[in-house]
file target32.txt (compact mmCIF, C-alpha atoms)
# COMPACT_ATOMS: atom_id res chain seq x y z
CA MET A 1 -14.90 31.61 -68.14
CA ASN A 2 -11.68 30.72 -66.31
CA ARG A 3 -10.68 27.83 -68.54
CA ALA A 4 -10.28 30.12 -71.53
CA THR A 5 -7.50 32.05 -69.79
CA LYS A 6 -5.24 29.06 -69.02
CA THR A 7 -1.99 28.87 -70.94
CA CYS A 8 -0.08 25.67 -71.67
CA LEU A 9 3.44 25.35 -73.06
CA ILE A 10 3.97 22.19 -75.11
CA VAL A 11 7.61 21.10 -75.02
CA ASP A 12 8.45 18.33 -77.48
CA ASP A 13 11.01 17.89 -80.22
CA SER A 14 8.41 16.23 -82.45
CA LYS A 15 6.52 18.72 -84.56
CA MET A 16 3.74 16.20 -85.07
CA ILE A 17 3.24 15.64 -81.34
CA ARG A 18 3.19 19.41 -80.78
CA ARG A 19 0.58 19.80 -83.50
CA VAL A 20 -1.66 17.05 -82.09
CA ALA A 21 -1.29 18.33 -78.52
CA THR A 22 -2.01 21.89 -79.64
CA ARG A 23 -5.26 20.82 -81.26
CA ILE A 24 -6.37 18.85 -78.20
CA LEU A 25 -5.44 21.62 -75.75
CA ARG A 26 -7.28 24.21 -77.84
CA ASP A 27 -10.36 21.96 -77.65
CA LEU A 28 -9.90 21.95 -73.88
CA GLN A 29 -9.96 25.78 -73.93
CA PHE A 30 -6.24 26.27 -73.29
CA THR A 31 -4.10 28.84 -75.07
CA PRO A 32 -1.15 26.70 -76.20
CA SER A 33 2.38 27.70 -77.14
CA GLU A 34 5.25 25.48 -78.35
CA ALA A 35 8.92 24.83 -77.69
CA GLY A 36 11.16 22.25 -79.40
CA ASP A 37 13.54 21.60 -76.50
CA GLY A 38 14.14 22.34 -72.82
CA ARG A 39 16.38 25.34 -73.38
CA GLN A 40 13.86 27.10 -75.62
CA ALA A 41 11.13 26.26 -73.11
CA MET A 42 13.16 27.78 -70.28
CA GLU A 43 13.62 31.01 -72.23
CA MET A 44 9.89 31.18 -72.85
CA CYS A 45 9.12 30.52 -69.17
CA LYS A 46 11.44 33.33 -68.10
CA THR A 47 9.49 35.69 -70.34
CA SER A 48 6.07 34.48 -69.31
CA MET A 49 5.37 31.62 -66.93
CA PRO A 50 2.53 29.42 -68.29
CA ASP A 51 -0.21 27.84 -66.16
CA ALA A 52 0.71 24.37 -67.39
CA ILE A 53 3.52 22.60 -69.23
CA LEU A 54 3.16 19.41 -71.25
CA LEU A 55 6.69 18.08 -71.24
CA ASP A 56 8.49 15.44 -73.29
CA TRP A 57 11.42 13.60 -71.71
CA ASN A 58 13.91 12.78 -74.47
CA MET A 59 14.83 15.94 -76.36
CA PRO A 60 18.07 17.37 -77.76
CA ILE A 61 19.96 20.23 -76.08
CA MET A 62 18.10 20.06 -72.76
CA ASP A 63 15.93 17.06 -71.90
CA GLY A 64 12.64 17.18 -70.01
CA LEU A 65 14.01 16.11 -66.64
CA ALA A 66 16.82 18.67 -66.72
CA PHE A 67 14.33 21.34 -67.75
CA LEU A 68 11.94 20.42 -64.93
CA LYS A 69 14.68 20.54 -62.29
CA ALA A 70 15.84 23.92 -63.61
CA LEU A 71 12.29 25.23 -63.80
CA ARG A 72 11.48 24.33 -60.20
CA ASN A 73 14.61 26.23 -59.10
CA THR A 74 13.63 29.33 -61.08
CA GLU A 75 11.70 32.19 -59.54
CA GLY A 76 8.01 31.55 -60.20
CA GLY A 77 8.89 28.07 -61.47
CA SER A 78 6.85 26.28 -58.84
CA LYS A 79 3.66 27.74 -60.30
CA PRO A 80 3.15 25.81 -63.57
CA VAL A 81 1.48 22.43 -63.37
CA VAL A 82 3.84 20.08 -65.19
CA VAL A 83 2.50 17.02 -66.96
CA PHE A 84 5.21 14.78 -68.36
CA CYS A 85 4.24 13.33 -71.72
CA THR A 86 6.74 10.73 -72.82
CA ALA A 87 7.33 7.30 -74.26
CA GLU A 88 9.13 6.34 -71.03
CA ARG A 89 6.91 3.79 -69.25
CA ASP A 90 9.29 2.37 -66.73
CA VAL A 91 8.02 2.75 -63.15
CA ILE A 92 11.45 3.93 -62.00
CA LYS A 93 11.43 6.67 -64.65
CA ILE A 94 7.91 7.72 -63.65
CA ALA A 95 8.97 7.94 -60.00
CA GLU A 96 12.03 9.95 -61.04
CA ALA A 97 9.82 12.46 -62.85
CA LEU A 98 7.48 12.80 -59.88
CA ASP A 99 10.41 13.26 -57.50
CA ALA A 100 11.74 16.01 -59.76
CA GLY A 101 8.47 17.92 -59.41
CA ALA A 102 6.12 16.62 -62.11
CA ASP A 103 2.45 16.80 -61.16
CA GLU A 104 1.15 14.17 -63.56
CA TYR A 105 2.47 11.80 -66.17
CA VAL A 106 1.16 10.77 -69.58
CA MET A 107 2.59 7.76 -71.37
CA LYS A 108 2.67 7.99 -75.17
CA PRO A 109 0.72 7.16 -77.20
CA PHE A 110 -2.08 9.27 -75.80
CA ASP A 111 -5.45 10.54 -76.98
CA SER A 112 -7.67 13.48 -76.16
CA ASP A 113 -9.49 11.58 -73.38
CA ILE A 114 -6.21 10.90 -71.62
CA LEU A 115 -5.04 14.51 -71.79
CA GLU A 116 -8.43 15.71 -70.59
CA SER A 117 -8.35 13.21 -67.73
CA LYS A 118 -4.82 14.20 -66.69
CA PHE A 119 -5.50 17.93 -66.82
CA SER A 120 -8.68 17.37 -64.79
CA GLU A 121 -6.63 15.36 -62.31
CA VAL A 122 -4.35 18.31 -61.61
CA GLY A 123 -7.26 20.72 -61.27
CA LEU A 124 -6.83 22.62 -64.53
CA LEU A 125 -10.23 21.67 -65.91
CA GLY A 126 -13.65 22.17 -64.35
CA MET B 1 -24.36 7.03 -89.93
CA SER B 2 -26.65 4.02 -90.07
CA GLY B 3 -26.11 3.94 -93.85
CA THR B 4 -22.58 2.67 -93.31
CA LEU B 5 -23.66 -0.26 -91.15
CA SER B 6 -23.90 -3.76 -92.53
CA LEU B 7 -26.36 -5.16 -89.99
CA LYS B 8 -29.89 -5.45 -91.38
CA PRO B 9 -32.38 -3.25 -89.50
CA SER B 10 -34.55 -6.31 -88.82
CA TYR B 11 -31.58 -8.05 -87.21
CA TYR B 12 -30.81 -5.00 -85.10
CA GLU B 13 -34.42 -4.97 -83.91
CA ALA B 14 -34.15 -8.67 -83.10
CA LEU B 15 -30.93 -8.06 -81.13
CA LYS B 16 -32.65 -5.30 -79.18
CA ARG B 17 -35.45 -7.71 -78.26
CA LEU B 18 -32.95 -10.41 -77.33
CA THR B 19 -31.00 -8.22 -74.88
CA ALA B 20 -34.20 -6.85 -73.38
CA GLU B 21 -35.57 -10.33 -72.87
CA LEU B 22 -32.40 -12.02 -71.66
CA VAL B 23 -30.91 -9.39 -69.41
CA GLY B 24 -33.37 -6.50 -69.27
CA VAL B 25 -31.01 -4.14 -71.07
CA LYS B 26 -32.41 -1.83 -73.69
CA LEU B 27 -30.27 -0.97 -76.68
CA GLY B 28 -31.06 2.42 -78.14
CA ASP B 29 -31.21 3.16 -81.84
CA ASP B 30 -28.02 5.17 -81.42
CA HIS B 31 -26.14 2.06 -80.24
CA ALA B 32 -26.11 0.45 -83.69
CA PHE B 33 -22.50 1.35 -84.46
CA LEU B 34 -21.32 0.10 -81.06
CA VAL B 35 -23.29 -3.11 -81.47
CA GLU B 36 -21.83 -3.74 -84.89
CA THR B 37 -18.26 -3.09 -83.71
CA ARG B 38 -18.58 -5.38 -80.70
CA LEU B 39 -20.27 -8.18 -82.58
CA ALA B 40 -17.85 -8.02 -85.51
CA VAL B 41 -15.06 -8.84 -83.04
CA LEU B 42 -17.11 -11.70 -81.60
CA ALA B 43 -17.95 -13.03 -85.07
CA ARG B 44 -14.24 -13.23 -85.91
CA LYS B 45 -13.53 -14.94 -82.62
CA GLU B 46 -16.31 -17.46 -83.21
CA GLY B 47 -14.94 -18.27 -86.68
CA PHE B 48 -17.75 -16.79 -88.77
CA GLU B 49 -17.06 -15.28 -92.16
CA GLY B 50 -18.68 -12.05 -91.06
CA LEU B 51 -21.14 -10.49 -88.69
CA SER B 52 -24.17 -11.23 -90.87
CA HIS B 53 -23.29 -14.94 -90.95
CA MET B 54 -23.14 -15.05 -87.16
CA ILE B 55 -26.46 -13.26 -86.77
CA ASP B 56 -28.03 -15.54 -89.42
CA GLU B 57 -26.86 -18.52 -87.42
CA LEU B 58 -28.11 -17.02 -84.16
CA PHE B 59 -31.64 -16.34 -85.32
CA SER B 60 -32.11 -19.24 -87.71
CA ARG B 61 -30.96 -21.93 -85.28
CA GLY B 62 -31.50 -20.20 -81.95
CA GLN B 63 -28.23 -21.31 -80.40
CA THR B 64 -28.32 -20.56 -76.68
CA ARG B 65 -24.54 -20.54 -76.31
CA LEU B 66 -24.16 -18.08 -79.14
CA ALA B 67 -27.02 -15.95 -77.78
CA ILE B 68 -25.24 -15.71 -74.45
CA HIS B 69 -21.97 -14.72 -76.09
CA VAL B 70 -23.72 -12.11 -78.22
CA VAL B 71 -25.59 -10.59 -75.30
CA THR B 72 -22.63 -10.50 -72.92
CA ALA B 73 -20.51 -8.86 -75.65
CA LEU B 74 -23.17 -6.17 -75.94
CA LEU B 75 -23.30 -5.60 -72.18
CA GLU B 76 -19.71 -4.41 -71.84
CA ARG B 77 -19.64 -0.81 -70.73
CA ALA B 78 -16.94 1.71 -71.45
CA THR B 79 -15.89 2.68 -67.94
CA SER B 80 -12.89 4.40 -66.43
CA PHE B 81 -11.23 4.68 -63.04
CA PHE B 82 -12.86 7.10 -60.58
CA ASP B 83 -15.59 7.81 -63.11
CA GLY B 84 -18.15 10.17 -61.58
CA ARG B 85 -15.67 11.59 -59.10
CA ALA B 86 -18.41 13.10 -56.91
CA GLY B 87 -19.51 9.59 -56.00
CA TYR B 88 -16.06 8.66 -54.71
CA GLU B 89 -15.90 11.91 -52.76
CA ALA B 90 -19.22 10.99 -51.15
CA LEU B 91 -17.91 7.50 -50.41
CA GLY B 92 -14.73 8.75 -48.76
CA ASP B 93 -16.05 11.91 -47.10
CA ILE B 94 -19.54 10.87 -45.98
CA LEU B 95 -20.53 7.22 -46.30
CA LEU B 96 -17.47 5.44 -44.94
CA PRO B 97 -16.97 7.92 -42.05
CA GLN B 98 -20.66 7.51 -41.09
CA LEU B 99 -20.35 3.73 -41.19
CA HIS B 100 -17.15 3.97 -39.18
CA SER B 101 -18.98 5.91 -36.48
CA ILE B 102 -21.72 3.27 -36.38
CA TYR B 103 -19.54 0.19 -36.46
CA ARG B 104 -16.55 1.76 -34.69
CA GLY B 105 -14.31 0.15 -37.23
CA GLY B 106 -15.07 -3.48 -37.94
CA ALA B 107 -15.84 -5.06 -41.28
CA VAL B 108 -17.59 -3.10 -44.00
CA ARG B 109 -18.70 -4.82 -47.18
CA ILE B 110 -18.97 -2.91 -50.45
CA LEU B 111 -20.60 -4.37 -53.55
CA SER B 112 -20.15 -3.10 -57.11
CA TYR B 113 -23.30 -4.37 -58.84
CA GLY B 114 -22.67 -4.66 -62.57
CA CYS B 115 -18.94 -4.16 -62.17
CA SER B 116 -18.06 -4.75 -65.86
CA SER B 117 -14.26 -4.70 -66.26
CA GLY B 118 -13.73 -3.65 -62.65
CA HIS B 119 -12.81 0.02 -62.85
CA GLU B 120 -15.38 0.96 -60.20
CA VAL B 121 -14.52 -1.72 -57.67
CA TYR B 122 -10.77 -1.20 -58.05
CA SER B 123 -11.26 2.57 -57.66
CA ALA B 124 -13.22 1.95 -54.47
CA ALA B 125 -10.52 -0.44 -53.27
CA ILE B 126 -7.82 2.20 -53.83
CA LEU B 127 -9.91 4.77 -51.98
CA ALA B 128 -10.39 2.29 -49.13
CA GLU B 129 -6.63 1.82 -48.93
CA LYS B 130 -6.07 5.56 -48.87
CA ILE B 131 -8.64 6.14 -46.16
CA LYS B 132 -7.67 3.36 -43.78
CA ASP B 133 -5.37 5.56 -41.72
CA VAL B 134 -8.16 8.10 -41.22
CA LEU B 135 -10.71 5.43 -40.26
CA PRO B 136 -8.70 3.09 -38.06
CA GLY B 137 -9.85 -0.44 -37.53
CA MET B 138 -12.19 -0.46 -40.49
CA ASP B 139 -11.73 -3.58 -42.58
CA ILE B 140 -13.22 -2.96 -46.02
CA ASN B 141 -14.05 -5.95 -48.20
CA LEU B 142 -15.15 -5.48 -51.77
CA THR B 143 -17.13 -7.61 -54.19
CA GLY B 144 -17.79 -7.11 -57.89
CA VAL B 145 -20.61 -8.92 -59.64
CA ASP B 146 -21.77 -8.94 -63.24
CA TYR B 147 -22.91 -11.18 -66.02
CA PRO B 148 -20.23 -13.63 -67.11
CA SER B 149 -18.34 -11.84 -69.87
CA GLN B 150 -14.91 -11.06 -71.24
CA ALA B 151 -15.07 -7.80 -69.28
CA LEU B 152 -15.61 -9.63 -66.00
CA GLU B 153 -12.75 -12.00 -66.80
CA ARG B 154 -10.49 -8.97 -67.28
CA ALA B 155 -11.72 -7.58 -63.97
CA LYS B 156 -10.85 -10.84 -62.21
CA ALA B 157 -7.36 -10.74 -63.70
CA GLY B 158 -6.98 -7.07 -62.74
CA ARG B 159 -5.41 -6.42 -66.12
CA PHE B 160 -5.80 -3.06 -67.84
CA THR B 161 -4.44 -1.54 -71.02
CA HIS B 162 -2.05 1.38 -71.37
CA PHE B 163 -5.02 3.58 -72.32
CA GLU B 164 -7.34 2.39 -69.52
CA VAL B 165 -4.89 3.15 -66.72
CA GLN B 166 -4.44 6.68 -67.98
CA ARG B 167 -8.10 7.61 -67.80
CA GLY B 168 -9.08 8.76 -64.33
CA LEU B 169 -6.25 7.09 -62.44
CA PRO B 170 -3.69 9.49 -60.94
CA ILE B 171 -0.13 8.48 -61.83
CA ARG B 172 0.80 8.03 -58.17
CA HIS B 173 -2.01 5.49 -57.76
CA LEU B 174 -0.83 3.70 -60.88
CA ILE B 175 2.69 3.12 -59.65
CA GLU B 176 1.54 2.31 -56.12
CA TYR B 177 -1.16 -0.24 -56.95
CA PHE B 178 -0.22 -1.66 -60.36
CA ASP B 179 2.67 -3.58 -61.85
CA LYS B 180 3.68 -3.18 -65.46
CA ASP B 181 3.37 -6.43 -67.38
CA GLY B 182 4.36 -6.09 -71.03
CA GLU B 183 2.11 -3.46 -72.59
CA ASP B 184 -0.52 -3.86 -69.85
CA TRP B 185 -0.73 -2.93 -66.19
CA VAL B 186 -1.87 -5.48 -63.61
CA VAL B 187 -3.29 -4.78 -60.16
CA LYS B 188 -0.81 -5.69 -57.44
CA PRO B 189 -1.67 -8.88 -55.51
CA GLY B 190 -2.21 -6.96 -52.25
CA LEU B 191 -5.11 -5.02 -53.74
CA LEU B 192 -6.38 -7.84 -55.93
CA GLN B 193 -6.89 -10.14 -52.96
CA LYS B 194 -9.20 -7.66 -51.25
CA ILE B 195 -11.77 -8.09 -53.99
CA THR B 196 -14.04 -11.02 -54.77
CA PHE B 197 -15.62 -11.29 -58.20
CA ILE B 198 -18.80 -13.27 -58.79
CA ASP B 199 -20.45 -14.23 -62.08
CA HIS B 200 -24.06 -13.31 -61.56
CA ASN B 201 -27.12 -12.67 -63.70
CA LEU B 202 -28.14 -9.21 -62.51
CA LEU B 203 -31.80 -10.14 -62.89
CA ALA B 204 -31.52 -13.41 -60.98
CA ASP B 205 -32.26 -14.02 -57.30
CA ILE B 206 -30.09 -11.54 -55.50
CA GLU B 207 -30.28 -12.78 -51.92
CA GLN B 208 -27.60 -15.42 -52.40
CA LEU B 209 -25.09 -12.56 -52.60
CA GLY B 210 -25.44 -11.75 -48.88
CA THR B 211 -25.73 -8.26 -47.41
CA TYR B 212 -23.60 -5.17 -47.77
CA GLN B 213 -23.20 -1.81 -46.07
CA ILE B 214 -22.69 -0.10 -49.43
CA VAL B 215 -23.96 -1.14 -52.84
CA MET B 216 -22.66 0.76 -55.86
CA PHE B 217 -24.96 0.71 -58.87
CA ARG B 218 -23.88 3.88 -60.59
CA GLY B 219 -24.79 5.18 -64.00
CA ARG B 220 -26.69 2.08 -65.03
CA LEU B 221 -30.37 2.83 -64.37
CA LYS B 222 -31.18 4.09 -67.86
CA GLN B 223 -29.54 1.06 -69.42
CA PHE B 224 -32.29 -1.24 -68.17
CA THR B 225 -35.90 -1.62 -69.18
CA THR B 226 -38.37 -0.35 -66.58
CA PRO B 227 -39.36 -3.82 -65.29
CA ALA B 228 -35.73 -4.91 -65.09
CA ARG B 229 -34.79 -1.71 -63.29
CA ILE B 230 -37.54 -2.21 -60.72
CA ARG B 231 -36.57 -5.82 -60.21
CA ILE B 232 -32.92 -4.91 -59.67
CA LEU B 233 -33.62 -1.99 -57.33
CA ARG B 234 -35.98 -4.11 -55.27
CA GLY B 235 -33.24 -6.70 -55.00
CA LEU B 236 -30.66 -4.12 -54.03
CA GLY B 237 -33.07 -2.91 -51.35
CA LYS B 238 -32.68 -6.34 -49.78
CA LEU B 239 -28.89 -6.46 -50.19
CA VAL B 240 -28.20 -3.23 -48.31
CA CYS B 241 -28.31 -3.69 -44.56
CA ALA B 242 -29.96 -1.21 -42.17
CA ASN B 243 -28.08 2.12 -42.08
CA GLY B 244 -26.22 1.09 -45.20
CA TYR B 245 -26.20 2.98 -48.50
CA LEU B 246 -27.16 2.57 -52.11
CA MET B 247 -24.99 4.59 -54.47
CA LEU B 248 -26.52 5.52 -57.80
CA GLY B 249 -24.91 7.90 -60.28
CA SER B 250 -24.79 11.51 -59.08
CA HIS B 251 -27.61 12.43 -61.45
CA GLU B 252 -29.72 9.32 -60.89
CA ARG B 253 -32.75 9.19 -58.60
CA LEU B 254 -35.01 6.50 -57.17
CA ASP B 255 -38.10 8.49 -58.18
CA GLU B 256 -41.39 7.61 -56.56
CA MET B 257 -40.48 4.11 -55.36
CA ASN B 258 -37.90 4.15 -52.59
CA PHE B 259 -37.23 0.39 -52.32
CA GLY B 260 -36.63 0.65 -48.58
CA PHE B 261 -34.38 3.71 -48.72
CA GLU B 262 -34.93 7.11 -47.16
CA GLN B 263 -36.36 9.66 -49.52
CA ASN B 264 -33.71 12.34 -48.96
CA MET B 265 -30.28 11.66 -50.35
CA VAL B 266 -27.22 11.97 -48.10
CA ALA B 267 -25.19 13.00 -51.18
CA PRO B 268 -26.10 13.20 -54.87
CA GLY B 269 -27.33 9.74 -55.87
CA CYS B 270 -26.66 8.24 -52.39
CA TYR B 271 -29.58 6.83 -50.42
CA LYS B 272 -29.52 5.57 -46.85
CA LYS B 273 -31.40 2.39 -45.96
CA LYS B 274 -34.32 2.77 -43.59
CA PRO B 275 -34.44 0.84 -40.36
CA HIS B 276 -35.75 -2.67 -41.04
CA GLN B 277 -39.33 -2.23 -39.81
CA GLU B 278 -39.98 0.56 -42.30
CA ILE B 279 -38.86 -1.37 -45.33
CA LEU B 280 -41.55 -3.95 -45.83
CA PRO B 281 -44.38 -1.84 -47.29
CA ASP B 282 -42.18 -0.56 -50.11
CA LEU B 283 -41.16 -4.05 -51.07
CA GLU B 284 -44.71 -5.22 -51.70
CA PRO B 285 -45.17 -5.71 -55.43
CA ASN B 286 -47.27 -3.08 -57.11
CA PRO B 287 -48.85 -4.62 -60.21
CA GLU B 288 -49.62 -1.21 -61.70
CA ILE B 289 -46.01 -0.21 -61.99
CA GLU B 290 -44.45 -3.64 -62.24
CA PRO B 291 -45.28 -5.35 -65.50
CA GLU B 292 -43.94 -8.79 -66.24
CA ILE B 293 -40.22 -8.76 -66.86
CA ALA B 294 -40.82 -9.12 -70.59
CA PRO B 295 -44.14 -10.60 -71.67
CA GLU B 296 -42.80 -12.02 -74.88
CA ALA B 297 -39.55 -13.30 -73.38
CA ASP B 298 -38.20 -16.79 -73.73
CA LEU B 299 -37.83 -17.09 -69.99
CA ASP B 300 -36.07 -20.43 -70.34
CA LEU B 301 -33.04 -18.47 -71.39
CA LEU B 302 -32.76 -16.69 -68.05
CA PRO B 303 -32.08 -19.83 -66.00
CA ARG B 304 -29.84 -21.05 -68.78
CA LEU B 305 -27.78 -17.92 -68.49
CA GLN B 306 -27.54 -18.50 -64.76
CA GLU B 307 -26.64 -22.14 -65.38
CA TYR B 308 -23.93 -21.01 -67.76
CA SER B 309 -22.68 -18.64 -65.12
CA ASN B 310 -22.64 -21.40 -62.50
CA ASN B 311 -20.76 -23.78 -64.79
CA ARG B 312 -18.11 -21.19 -65.40
CA THR B 313 -17.49 -20.68 -61.73
CA ALA B 314 -17.60 -24.41 -60.89

call {"tool": "encode", "arguments": {"input": "target32.txt", "output": "structure tokens"}}
result
Amino acid sequence: MNRATKTCLIVDDSKMIRRVATRILRDLQFTPSEAGDGRQAMEMCKTSMPDAILLDWNMPIMDGLAFLKALRNTEGGSKPVVVFCTAERDVIKIAEALDAGADEYVMKPFDSDILESKFSEVGLLG
Amino acid sequence: MSGTLSLKPSYYEALKRLTAELVGVKLGDDHAFLVETRLAVLARKEGFEGLSHMIDELFSRGQTRLAIHVVTALLERATSFFDGRAGYEALGDILLPQLHSIYRGGAVRILSYGCSSGHEVYSAAILAEKIKDVLPGMDINLTGVDYPSQALERAKAGRFTHFEVQRGLPIRHLIEYFDKDGEDWVVKPGLLQKITFIDHNLLADIEQLGTYQIVMFRGRLKQFTTPARIRILRGLGKLVCANGYLMLGSHERLDEMNFGFEQNMVAPGCYKKKPHQEILPDLEPNPEIEPEIAPEADLDLLPRLQEYSNNRTA
């Protein structure tokens, strides 16, 4: 089944959020991996580009927006579906993320239904 | 699970009878937890010490006002935006283009029957906005009707929680059609004004609602008792104008009675209305398959519910 082969990189400086997202994404038949900041995520993407990225905004070293802009300018970086997952709820911020190349946007707090809905929205679930 | 519930089984049975009699909705045995959760909230709001006290009061004194509040609290459905996506694809790809070819633009009326908190009718309104450039000249008006309830009040206000707007609604639609208001999101006035909401007892006389080219009644058939379902579908058969459509859930069917609709679906769950002259025979009552709405019902409560609805809108 196709869904079992999808990979998703979870980029968030909160260990707890990464743990919760990992559990939910496993339930959705993804193979998740984790990064604690944008720079680490970029290194991982250069090694192996995931199918999807669940991306926090505010992180140390390299934030989500800077990572996304860099990713989209990297070879193969247009391929991953990027879902921002952040506490930022301001419409201007959301528009900024979409302009930078995000495919969807999740506002924290979130639950499994929301992640499932958003990943369906971008065509990653059946 | 039922061991953790505080509601006496006899009271739960009585509540099941009450909702069946008042509004034709059947509560399953597996709804006990949901019922208890909903009614516990209502009991607090009504100032009772607990749920059992409220139910004691309801059945010992037979308060109509309380009965209405209890039943409408139980009717709220958990819905989400663009739920049953295939239905919206049928609406945008088949039904509206076919109506556009018939009417060459002009006004098209869409009804969401049993609209609850409005997710369905707002989703249809967003789709209508998106499609208007493809179907020029088509003026789509939308109406949502349901029993008077907290859910319907929320629908009228167009106010949705942080969690609701993230289920089924693409982020681009959210920022285009909603404004952030505190923790909630509120439908923008431009979209809100395209929709009319009406308090309406779904089992009451339906003809006062007018006629529509499309009636959406999706995912609700199994919720109703058989007599109530037949009564509603017969009514909807009258609401849909010739060449119009009834939209059920993708997996729902009209079965052996067609209520004035063609037998073959144009899309899963979507039935086209027959030309007028072919409708009448199907609308004749059939006593063998149409029992009384509820033989043991206190039918006085039905007009009272309607009266309550009318007073709220006055």

call {"tool": "closest_atom_pairs", "arguments": {"input": "target32.txt", "of": "chain A", "to": "chain B", "cutoff": "10 Å", "atoms": "all atoms listed in the file", "output": "JSON lines"}}
result
{"residue": "A:Arg89", "atom": "CA", "partner": "B:Lys180", "partner_atom": "CA", "distance": 8.6}
{"residue": "A:Asp90", "atom": "CA", "partner": "B:Lys180", "partner_atom": "CA", "distance": 8.0}
{"residue": "A:Val91", "atom": "CA", "partner": "B:Ile175", "partner_atom": "CA", "distance": 6.4}
{"residue": "A:Ile92", "atom": "CA", "partner": "B:Ile175", "partner_atom": "CA", "distance": 9.1}
{"residue": "A:Ile94", "atom": "CA", "partner": "B:Ile175", "partner_atom": "CA", "distance": 8.0}
{"residue": "A:Ala95", "atom": "CA", "partner": "B:Ile175", "partner_atom": "CA", "distance": 7.9}
{"residue": "A:Leu98", "atom": "CA", "partner": "B:Arg172", "partner_atom": "CA", "distance": 8.4}
{"residue": "A:Asp103", "atom": "CA", "partner": "B:Ile171", "partner_atom": "CA", "distance": 8.7}
{"residue": "A:Glu104", "atom": "CA", "partner": "B:Ile171", "partner_atom": "CA", "distance": 6.1}
{"residue": "A:Tyr105", "atom": "CA", "partner": "B:Ile171", "partner_atom": "CA", "distance": 6.1}
{"residue": "A:Val106", "atom": "CA", "partner": "B:Gln166", "partner_atom": "CA", "distance": 7.1}
{"residue": "A:Met107", "atom": "CA", "partner": "B:Gln166", "partner_atom": "CA", "distance": 7.9}
{"residue": "A:Lys108", "atom": "CA", "partner": "B:His162", "partner_atom": "CA", "distance": 9.0}
{"residue": "A:Pro109", "atom": "CA", "partner": "B:Phe163", "partner_atom": "CA", "distance": 8.3}
{"residue": "A:Phe110", "atom": "CA", "partner": "B:Phe163", "partner_atom": "CA", "distance": 7.3}
{"residue": "A:Asp111", "atom": "CA", "partner": "B:Phe163", "partner_atom": "CA", "distance": 8.4}
{"residue": "A:Asp113", "atom": "CA", "partner": "B:Arg167", "partner_atom": "CA", "distance": 7.0}
{"residue": "A:Ile114", "atom": "CA", "partner": "B:Arg167", "partner_atom": "CA", "distance": 5.4}
{"residue": "A:Leu115", "atom": "CA", "partner": "B:Arg167", "partner_atom": "CA", "distance": 8.5}
{"residue": "A:Glu116", "atom": "CA", "partner": "B:Arg167", "partner_atom": "CA", "distance": 8.6}
{"residue": "A:Ser117", "atom": "CA", "partner": "B:Arg167", "partner_atom": "CA", "distance": 5.6}
{"residue": "A:Lys118", "atom": "CA", "partner": "B:Gly168", "partner_atom": "CA", "distance": 7.3}
{"residue": "A:Ser120", "atom": "CA", "partner": "B:Gly168", "partner_atom": "CA", "distance": 8.6}
{"residue": "A:Glu121", "atom": "CA", "partner": "B:Pro170", "partner_atom": "CA", "distance": 6.7}
{"residue": "A:Val122", "atom": "CA", "partner": "B:Pro170", "partner_atom": "CA", "distance": 8.9}

call {"tool": "residues_around", "arguments": {"input": "target32.txt", "residues": "segment 8-11 of chain B", "least_positions_apart": "2", "cutoff": "10 Å", "atoms": "all atoms listed in the file", "output": "MDAnalysis selection string"}}
result
chainID B and resid 2 5:6 13:17 32 52 55:56 59

call {"tool": "residues_around", "arguments": {"input": "target32.txt", "residues": "Phe67 of chain A", "least_positions_apart": "2", "cutoff": "12 Å", "atoms": "all atoms listed in the file", "output": "VMD selection string"}}
result
chain A and resid 11 to 12 35 37 to 45 53 to 65 69 to 74 77 82 84 97 100 to 102

call {"tool": "atom_distance", "arguments": {"input": "target32.txt", "atom1": "atom CA of Leu202 of chain B", "atom2": "atom CA of Gly260 of chain B"}}
result
19.1 Å

call {"tool": "atom_distance", "arguments": {"input": "target32.txt", "atom1": "atom CA of Leu74 of chain B", "atom2": "atom CA of Asp146 of chain B"}}
result
13.1 Å

call {"tool": "residues_around", "arguments": {"input": "target32.txt", "residues": "Val41 of chain B", "least_positions_apart": "3", "cutoff": "10 Å", "atoms": "only C-alpha atoms", "output": "ChimeraX atom specification"}}
result
/B:36-38,44-46,50-51,73

call {"tool": "closest_residue", "arguments": {"input": "target32.txt", "among": "A:Ile17, A:Thr7, A:Asp51, A:Leu25", "to": "Ala87 of chain A", "atoms": "only C-alpha atoms"}}
result
A:Ile17

call {"tool": "atom_distance", "arguments": {"input": "target32.txt", "atom1": "atom CA of Pro268 of chain B", "atom2": "atom CA of His251 of chain B"}}
result
6.8 Å

call {"tool": "residues_around", "arguments": {"input": "target32.txt", "residues": "Thr31 of chain A", "least_positions_apart": "4", "cutoff": "9 Å", "atoms": "only C-alpha atoms", "output": "MDAnalysis selection string"}}
result
chainID A and resid 4:9 22 25:26

call {"tool": "residues_around", "arguments": {"input": "target32.txt", "residues": "Leu135 of chain B", "least_positions_apart": "2", "cutoff": "8 Å", "atoms": "only C-alpha atoms", "output": "MDAnalysis selection string"}}
result
chainID B and resid 97 100 105 131:133 137:138

call {"tool": "axis_aligned_box", "arguments": {"input": "target32.txt", "around": "segment 111-130 of chain B", "padding_each_side": "4 Å", "output": "JSON"}}
result
{"center_x": -14.7, "center_y": 0.4, "center_z": -57.6, "size_x": 25.2, "size_y": 18.3, "size_z": 25.4}

call {"tool": "closest_residue", "arguments": {"input": "target32.txt", "among": "B:Leu127, B:Leu248, B:Leu58, B:Ile195", "to": "Val70 of chain B", "atoms": "only C-alpha atoms"}}
result
B:Leu58
